[in-house]
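Just below is one structure, and these are the notes that go with it.
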Amino acid sequence: MECFKVYSDEIEGRMDPPYLKTIFLVKNVNIKYPLVALGNLLKERPQYGANEIAIDGNPEVDIRYIRITDIDEFGNLKDEDWKTAKKIDGKYLLEGNDILFARSGATAGKTFIYRPEFGKAIFAGYLIRFKIDDTKANPLFVFYYTQSKRYALWVKSIQRPSGQPNINSEEFKSFEIPLPPHPIQNSIAEIMESAYALKKQIEQEAKELLDSINGYVLSELSIKTPPKEKKMCYAVYSNDIEERIDPSPYHPIRMSTIKVIKSSKNKIYYLKNIVNFKRKIITSNNQNLPYIGLENIESNTGRFIPSKEVKESFGSAFQFNKGDILFPKLRPYLNKVYLAEFEGVCSTEFHVIEPEECNNLYLSVFLRSKLMVNQTSYLMTGNTLPRLQTVDVENLLIPVQSQDIQNKIAEEVDRRMERAKQLEKEARMLLEGAKAKVEKIILGEDEIEG
C-alpha cells in the first residue's frame, strides 16, 4: 500500500487518489513562460471523428481514414494497413495543422498533426480534432509540446483509474501549455522539425536495410521473385487440382511462386517434414511467462513489440521455447512471423514450430519472405477472420540448402537486422535529445541559439 497526503486546497474537481498524486507534479513545475489552457488557443470547438467502417482502399485515388492505430508513439503517420472509409463525410476532412488527440484506449493522449502532403484524409471516432488559432500559438509548437514528459505525465494523471482509458475534449482543453513569445515558439518548432526530419532519414536507411533481406535470401537461393500478375480471371487445369477445389489456391501468383521454388536447384521440403509442430496448451500462467498475441509482432520484420500491460489470464495458450518460430494462422498477409528470443506463451492463433532439419533463423526469414506471403495469401479461408488451415501450413514449400549456406544466410541476416536496430536507436536518441533541449528552453535552463 502506498500513502501520500493531499491538502484540501489542492483538490479541484476530482478526488481519485492516482489523479491527485500526479496532477500536483504537472501543475507545480517551474516554467519560465505563462501557462495557458489549450481551450484558450482554439479557433473553434473540438470535433469528434467519424464512426465509419474502415475498408481497403487505393492510396492513389481514395481518401484515407486515419485511426488511432495509424499513428505511432511519436505522432507519425504509419504507411502500413492503409484504409479508407465505407462512407466519406466532408465535415471530417482534415486541413493543414489540424491536431488529432486520441481519446480512448491504451494510447489515449497520443497526438498527430496533419499536413496536406499526407493526401486527403478524414479521421475516426476515437480521435478528436483541435484547430489552433495561429495568432495565439504556432500549431507545430503545440503539437511538439504534446511530445513532452510533462504532457505524458498529465495524460497518465487525467485518465480514469478503471475501465477503458478515456480523456474527453473538455479534459484536453484544460491542459495548460507554457506559451513563449511567437519567435521562440517558431524556433522550438524548427528544432523539432529538423530532428524529426533527421530521424525519418535515419529510419529510412534502417528500413531499406530490412527490406534488402528478402532479396538477399532469394539471391543466395538462386530464386527469382515471379512477376506480378494482374489477371482477374484465370484458367485452372484438372491436373493442377490437388485437395482444394476453390479457385483461390490456383491463382497465377501462387502457382508461379510454387513453380520458381520447385525449379530452383535447392532441395525442396514440405514444412511438416523439417519441423515439429508443438501444441502444448496451457490454461494458467503459474510461471508468469510473457504472453505474445498477434499485436505483439511487427509485420514484415518479425520483431517483438512488448505490451504495456502484462496479460495475467487467458482462456488457453500455447507454450513455446527460445528458438521456436511462431507462425500466424490468422491474416497471413500481415506477415507476422516471430523467432522467439525467450520462453513464453502465445495466442492459439499461432502455430508453434520447432525447426529440426534447418537453421531456425534461416527458416524464420524464409517464412517471412515474399515467396511465403505469395503462397499463404491465396490459401486463406473465411471472410471475417481469414485464416490458414493447418494442412495448408504443413504443406508449405521450403527450399533447404546445405547447413553451411543456411548459417551464412542467417549470419548476414542477423548482421543487417542488428544494424537496422542500431540505426533506429540512433534516430530515437536524436529525437529524445531534441525534446530535452526544448524542455530546457521552456524551463528557462537553456536559450535559443543564434
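Residues in the C-alpha cells are named by chain (A, B, ... in the order shown) and by number from 1 within that chain; ligands are numbered from 1 in the order shown.
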
Residues of region 60-83 of chain A within 12 Å of region 177-199 of chain A: nearest atom pair and distance (Å, one decimal) for each, counting only C-alpha atoms, sorted by chain and number, as a tab-separated table?
```
residue	atom	partner	partner_atom	distance
A:Phe74	CA	A:Tyr196	CA	9.2
A:Gly75	CA	A:Tyr196	CA	10.2
A:Asn76	CA	A:Tyr196	CA	9.3
```

Return as a Markdown table the residues of region 196-294 of chain A lying at most 9 Å from region 420-441 of chain A, together with the closest atom-to-atom pair for each and the distance in Å to one decimal, counting only C-alpha atoms, with rows in chain order and ascending residue number.
```
| residue | atom | partner | partner_atom | distance |
| --- | --- | --- | --- | --- |
| A:Tyr196 | CA | A:Leu431 | CA | 6.6 |
| A:Leu198 | CA | A:Ala427 | CA | 7.5 |
| A:Lys199 | CA | A:Ala427 | CA | 4.6 |
| A:Lys200 | CA | A:Ala427 | CA | 7.6 |
| A:Gln201 | CA | A:Ala427 | CA | 8.5 |
| A:Ile202 | CA | A:Ala427 | CA | 6.0 |
| A:Glu203 | CA | A:Glu424 | CA | 5.7 |
| A:Glu205 | CA | A:Leu423 | CA | 7.7 |
| A:Ala206 | CA | A:Ala420 | CA | 4.4 |
| A:Lys207 | CA | A:Ala420 | CA | 7.2 |
| A:Glu208 | CA | A:Ala420 | CA | 8.7 |
| A:Leu209 | CA | A:Ala420 | CA | 6.3 |
| A:Leu210 | CA | A:Ala420 | CA | 6.7 |
```

I need the residues of region 245-407 of chain A that end up classed as strand (DSSP E) by DSSP on the backbone, written out as a PyMOL selection string. chain A and resi 267-270+275-278+281-282+291-292+317-320+325-328+338-339+344-346+350-355+397-400

Since we have the selection now, will you write its residues out, keeping N, CA and C atoms, as an mmCIF file, in the first residue's frame?
```
data_model
loop_
_atom_site.group_PDB
_atom_site.id
_atom_site.type_symbol
_atom_site.label_atom_id
_atom_site.label_comp_id
_atom_site.auth_asym_id
_atom_site.auth_seq_id
_atom_site.Cartn_x
_atom_site.Cartn_y
_atom_site.Cartn_z
ATOM 1 N N LYS A 267 17.077 -28.239 -52.483
ATOM 2 C CA LYS A 267 16.210 -29.333 -52.054
ATOM 3 C C LYS A 267 14.923 -28.710 -51.525
ATOM 4 N N ILE A 268 13.797 -29.255 -51.945
ATOM 5 C CA ILE A 268 12.502 -28.697 -51.551
ATOM 6 C C ILE A 268 11.794 -29.671 -50.620
ATOM 7 N N TYR A 269 11.321 -29.130 -49.482
ATOM 8 C CA TYR A 269 10.615 -29.951 -48.497
ATOM 9 C C TYR A 269 9.267 -29.317 -48.171
ATOM 10 N N TYR A 270 8.327 -30.150 -47.782
ATOM 11 C CA TYR A 270 7.135 -29.618 -47.138
ATOM 12 C C TYR A 270 7.542 -29.196 -45.729
ATOM 13 N N VAL A 275 10.103 -29.696 -39.554
ATOM 14 C CA VAL A 275 9.829 -29.063 -38.266
ATOM 15 C C VAL A 275 8.931 -29.966 -37.433
ATOM 16 N N ASN A 276 8.850 -29.612 -36.163
ATOM 17 C CA ASN A 276 7.902 -30.245 -35.253
ATOM 18 C C ASN A 276 6.872 -29.193 -34.853
ATOM 19 N N PHE A 277 5.593 -29.462 -35.117
ATOM 20 C CA PHE A 277 4.523 -28.557 -34.693
ATOM 21 C C PHE A 277 4.201 -28.847 -33.227
ATOM 22 N N LYS A 278 4.496 -27.872 -32.371
ATOM 23 C CA LYS A 278 4.290 -28.044 -30.932
ATOM 24 C C LYS A 278 2.921 -27.494 -30.538
ATOM 25 N N ILE A 281 -0.807 -26.966 -24.866
ATOM 26 C CA ILE A 281 -1.759 -25.949 -24.413
ATOM 27 C C ILE A 281 -1.706 -25.812 -22.893
ATOM 28 N N ILE A 282 -1.690 -24.557 -22.436
ATOM 29 C CA ILE A 282 -1.781 -24.292 -21.003
ATOM 30 C C ILE A 282 -2.945 -23.343 -20.763
ATOM 31 N N TYR A 291 3.464 -13.191 -22.443
ATOM 32 C CA TYR A 291 2.427 -13.629 -23.384
ATOM 33 C C TYR A 291 2.579 -12.851 -24.689
ATOM 34 N N ILE A 292 2.463 -13.561 -25.811
ATOM 35 C CA ILE A 292 2.550 -12.929 -27.127
ATOM 36 C C ILE A 292 1.245 -13.141 -27.890
ATOM 37 N N ALA A 317 -3.577 -21.077 -24.172
ATOM 38 C CA ALA A 317 -2.439 -20.555 -24.924
ATOM 39 C C ALA A 317 -1.470 -21.697 -25.208
ATOM 40 N N PHE A 318 -0.607 -21.489 -26.187
ATOM 41 C CA PHE A 318 0.466 -22.436 -26.465
ATOM 42 C C PHE A 318 1.723 -21.998 -25.737
ATOM 43 N N GLN A 319 2.475 -22.949 -25.238
ATOM 44 C CA GLN A 319 3.767 -22.640 -24.637
ATOM 45 C C GLN A 319 4.847 -22.810 -25.694
ATOM 46 N N PHE A 320 5.844 -21.916 -25.687
ATOM 47 C CA PHE A 320 6.946 -22.021 -26.642
ATOM 48 C C PHE A 320 8.273 -21.811 -25.933
ATOM 49 N N ILE A 325 9.645 -20.953 -33.620
ATOM 50 C CA ILE A 325 9.110 -19.965 -34.552
ATOM 51 C C ILE A 325 7.597 -19.907 -34.387
ATOM 52 N N LEU A 326 7.059 -18.699 -34.215
ATOM 53 C CA LEU A 326 5.613 -18.505 -34.131
ATOM 54 C C LEU A 326 5.113 -18.070 -35.502
ATOM 55 N N PHE A 327 4.247 -18.888 -36.094
ATOM 56 C CA PHE A 327 3.745 -18.632 -37.445
ATOM 57 C C PHE A 327 2.239 -18.422 -37.370
ATOM 58 N N PRO A 328 1.710 -17.295 -37.895
ATOM 59 C CA PRO A 328 0.298 -16.958 -37.690
ATOM 60 C C PRO A 328 -0.665 -17.805 -38.511
ATOM 61 N N TYR A 338 7.561 -14.784 -36.042
ATOM 62 C CA TYR A 338 8.481 -14.400 -34.966
ATOM 63 C C TYR A 338 9.397 -15.554 -34.564
ATOM 64 N N LEU A 339 10.693 -15.284 -34.508
ATOM 65 C CA LEU A 339 11.675 -16.226 -33.962
ATOM 66 C C LEU A 339 11.843 -15.897 -32.491
ATOM 67 N N GLY A 344 8.058 -18.465 -23.481
ATOM 68 C CA GLY A 344 6.827 -17.764 -23.157
ATOM 69 C C GLY A 344 5.601 -18.544 -23.563
ATOM 70 N N VAL A 345 4.461 -17.842 -23.584
ATOM 71 C CA VAL A 345 3.202 -18.416 -24.048
ATOM 72 C C VAL A 345 2.628 -17.491 -25.111
ATOM 73 N N CYS A 346 1.840 -18.060 -26.018
ATOM 74 C CA CYS A 346 1.321 -17.248 -27.116
ATOM 75 C C CYS A 346 -0.122 -17.613 -27.426
ATOM 76 N N PHE A 350 -1.390 -18.697 -33.304
ATOM 77 C CA PHE A 350 -0.068 -19.020 -33.852
ATOM 78 C C PHE A 350 0.093 -20.535 -33.944
ATOM 79 N N HIS A 351 0.880 -20.985 -34.923
ATOM 80 C CA HIS A 351 1.480 -22.308 -34.883
ATOM 81 C C HIS A 351 2.833 -22.145 -34.189
ATOM 82 N N VAL A 352 3.152 -23.032 -33.270
ATOM 83 C CA VAL A 352 4.480 -23.030 -32.649
ATOM 84 C C VAL A 352 5.309 -24.088 -33.371
ATOM 85 N N ILE A 353 6.380 -23.640 -34.019
ATOM 86 C CA ILE A 353 7.181 -24.513 -34.876
ATOM 87 C C ILE A 353 8.586 -24.660 -34.308
ATOM 88 N N GLU A 354 9.022 -25.888 -34.163
ATOM 89 C CA GLU A 354 10.385 -26.183 -33.708
ATOM 90 C C GLU A 354 11.179 -26.751 -34.897
ATOM 91 N N PRO A 355 12.117 -25.975 -35.458
ATOM 92 C CA PRO A 355 12.908 -26.472 -36.594
ATOM 93 C C PRO A 355 13.740 -27.687 -36.185
ATOM 94 N N LEU A 397 5.888 -25.027 -49.154
ATOM 95 C CA LEU A 397 7.151 -25.467 -49.750
ATOM 96 C C LEU A 397 8.315 -24.640 -49.228
ATOM 97 N N ILE A 398 9.354 -25.319 -48.756
ATOM 98 C CA ILE A 398 10.532 -24.671 -48.178
ATOM 99 C C ILE A 398 11.788 -25.157 -48.903
ATOM 100 N N PRO A 399 12.556 -24.246 -49.517
ATOM 101 C CA PRO A 399 13.835 -24.644 -50.106
ATOM 102 C C PRO A 399 14.897 -24.745 -49.009
ATOM 103 N N VAL A 400 15.675 -25.801 -49.007
ATOM 104 C CA VAL A 400 16.680 -26.007 -47.960
ATOM 105 C C VAL A 400 18.047 -26.235 -48.606
#
```

Between A:Asp89, A:Glu445, A:Glu80, A:Glu343, which is the closest to Ile63 (chain A) once you count only C-alpha atoms? A:Asp89

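Picture a line from CA of Gln159 (chain A) to CA of Ile128 (chain A); it runs 15.7 Å.
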
Show which residues sit within 7 Å of Gly323 (chain A), as a VMD selection string. Count only C-alpha atoms, and ignore same-chain residues fewer than 4 positions away. chain A and resid 339 to 341 360

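Counting only C-alpha atoms and comparing A:Lys262, A:Lys131, A:Lys32, A:Arg244, the residue that lies closest to Ile223 (chain A) is A:Lys262.
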
So which residues of region 55-184 of chain A fall under helix (DSSP H, G or I) by DSSP, listed as an MDAnalysis selection string? chainID A and resid 68:70 90:92 116:118 139:145 149:158 169:174 182:184

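Proximity to Arg129 (chain A) was assessed for A:Pro252, A:Pro116, A:Pro46, A:Gly90 counting only C-alpha atoms; the smallest distance is recorded for A:Pro46.
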
Residue contacts of region 38-41 of chain A (7 Å, only C-alpha atoms) excluding same-chain residues fewer than 4 positions away, as a list in words: Ile132, Asp133, Lys136, Ala137, Lys173, Ser174, Phe175, Glu176 and Ile177 of chain A

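Atom pair CA of Asn166 (chain A) / CA of Ala106 (chain A) has a distance of 8.8 Å (rounded to one decimal).
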
Nearest to His251 (chain A), restricted to only C-alpha atoms and choosing among A:Val142, A:Gln375, A:Leu396, A:Gln47, comes out as A:Gln375

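Residues in contact range of Asn97 (chain A), defined as at most 10 Å between only C-alpha atoms, with sequence neighbours fewer than 5 positions away removed, read A:Phe112, A:Ile113, A:Tyr114, A:Arg115, A:Pro116, A:Phe130, A:Lys131, A:Ile132, A:Asp134, A:Asn138, A:Pro139, A:Leu140, A:Phe143.
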
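For the choices A:Lys149, A:Lys311, A:Lys86, A:Lys329, the atom-to-atom distance to Gly57 (chain A) is smallest for A:Lys86 when using only C-alpha atoms.
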
Any idea what's packed within 9 Å of Ser284 (chain A), counting only C-alpha atoms, ignoring anything in its chain fewer than 4 positions away? Could you give it as a PDB file with N, CA and C atoms, in the first residue's frame?
```pdb
ATOM      1  N   GLU A 312      -2.225 -11.454 -17.456  1.00  0.00           N
ATOM      2  CA  GLU A 312      -2.145 -12.397 -16.348  1.00  0.00           C
ATOM      3  C   GLU A 312      -3.053 -13.606 -16.535  1.00  0.00           C
ATOM      4  N   SER A 313      -4.128 -13.456 -17.320  1.00  0.00           N
ATOM      5  CA  SER A 313      -5.050 -14.577 -17.503  1.00  0.00           C
ATOM      6  C   SER A 313      -5.468 -14.687 -18.959  1.00  0.00           C
ATOM      7  N   PHE A 314      -5.808 -15.901 -19.379  1.00  0.00           N
ATOM      8  CA  PHE A 314      -6.266 -16.163 -20.746  1.00  0.00           C
ATOM      9  C   PHE A 314      -7.002 -17.494 -20.736  1.00  0.00           C
ATOM     10  N   GLY A 315      -7.835 -17.733 -21.755  1.00  0.00           N
ATOM     11  CA  GLY A 315      -8.570 -18.981 -21.820  1.00  0.00           C
ATOM     12  C   GLY A 315      -7.653 -20.163 -22.038  1.00  0.00           C
ATOM     13  N   SER A 316      -6.842 -20.074 -23.076  1.00  0.00           N
ATOM     14  CA  SER A 316      -5.846 -21.108 -23.369  1.00  0.00           C
ATOM     15  C   SER A 316      -4.755 -20.487 -24.222  1.00  0.00           C
ATOM     16  N   ALA A 317      -3.577 -21.077 -24.172  1.00  0.00           N
ATOM     17  CA  ALA A 317      -2.439 -20.555 -24.924  1.00  0.00           C
ATOM     18  C   ALA A 317      -1.470 -21.697 -25.208  1.00  0.00           C
TER      19      ALA A 317
END
```

Taking only residues of region 408-433 of chain A that have an atom at most 12 Å from an atom of region 366-373 of chain A, what is each one's shortest atom pair and its distance in Å to one decimal, using only C-alpha atoms, in chain and number order, as a Markdown table?
```
| residue | atom | partner | partner_atom | distance |
| --- | --- | --- | --- | --- |
| A:Ile409 | CA | A:Phe366 | CA | 10.4 |
| A:Ala410 | CA | A:Phe366 | CA | 10.3 |
| A:Val413 | CA | A:Phe366 | CA | 10.9 |
```

Quick one: write out the picked residues with C-alpha atoms as a PDB file, in the first residue's frame?
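And here's out_11.pdb as it stands now:
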```
ATOM      1  CA  ILE A 409      22.484 -16.576 -44.734  1.00  0.00           C
ATOM      2  CA  ALA A 410      21.498 -16.495 -41.053  1.00  0.00           C
ATOM      3  CA  VAL A 413      20.529 -11.518 -41.983  1.00  0.00           C
TER       4      VAL A 413
END
```

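A straight line drawn from CA of Thr69 (chain A) to CA of Asn300 (chain A) is 16.9 Å long.
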
From the set A:Ser222, A:Ser148, A:Asn51, A:Ser157, which residue has the shortest atom-to-atom contact distance to Tyr126 (chain A), counting only C-alpha atoms? A:Asn51
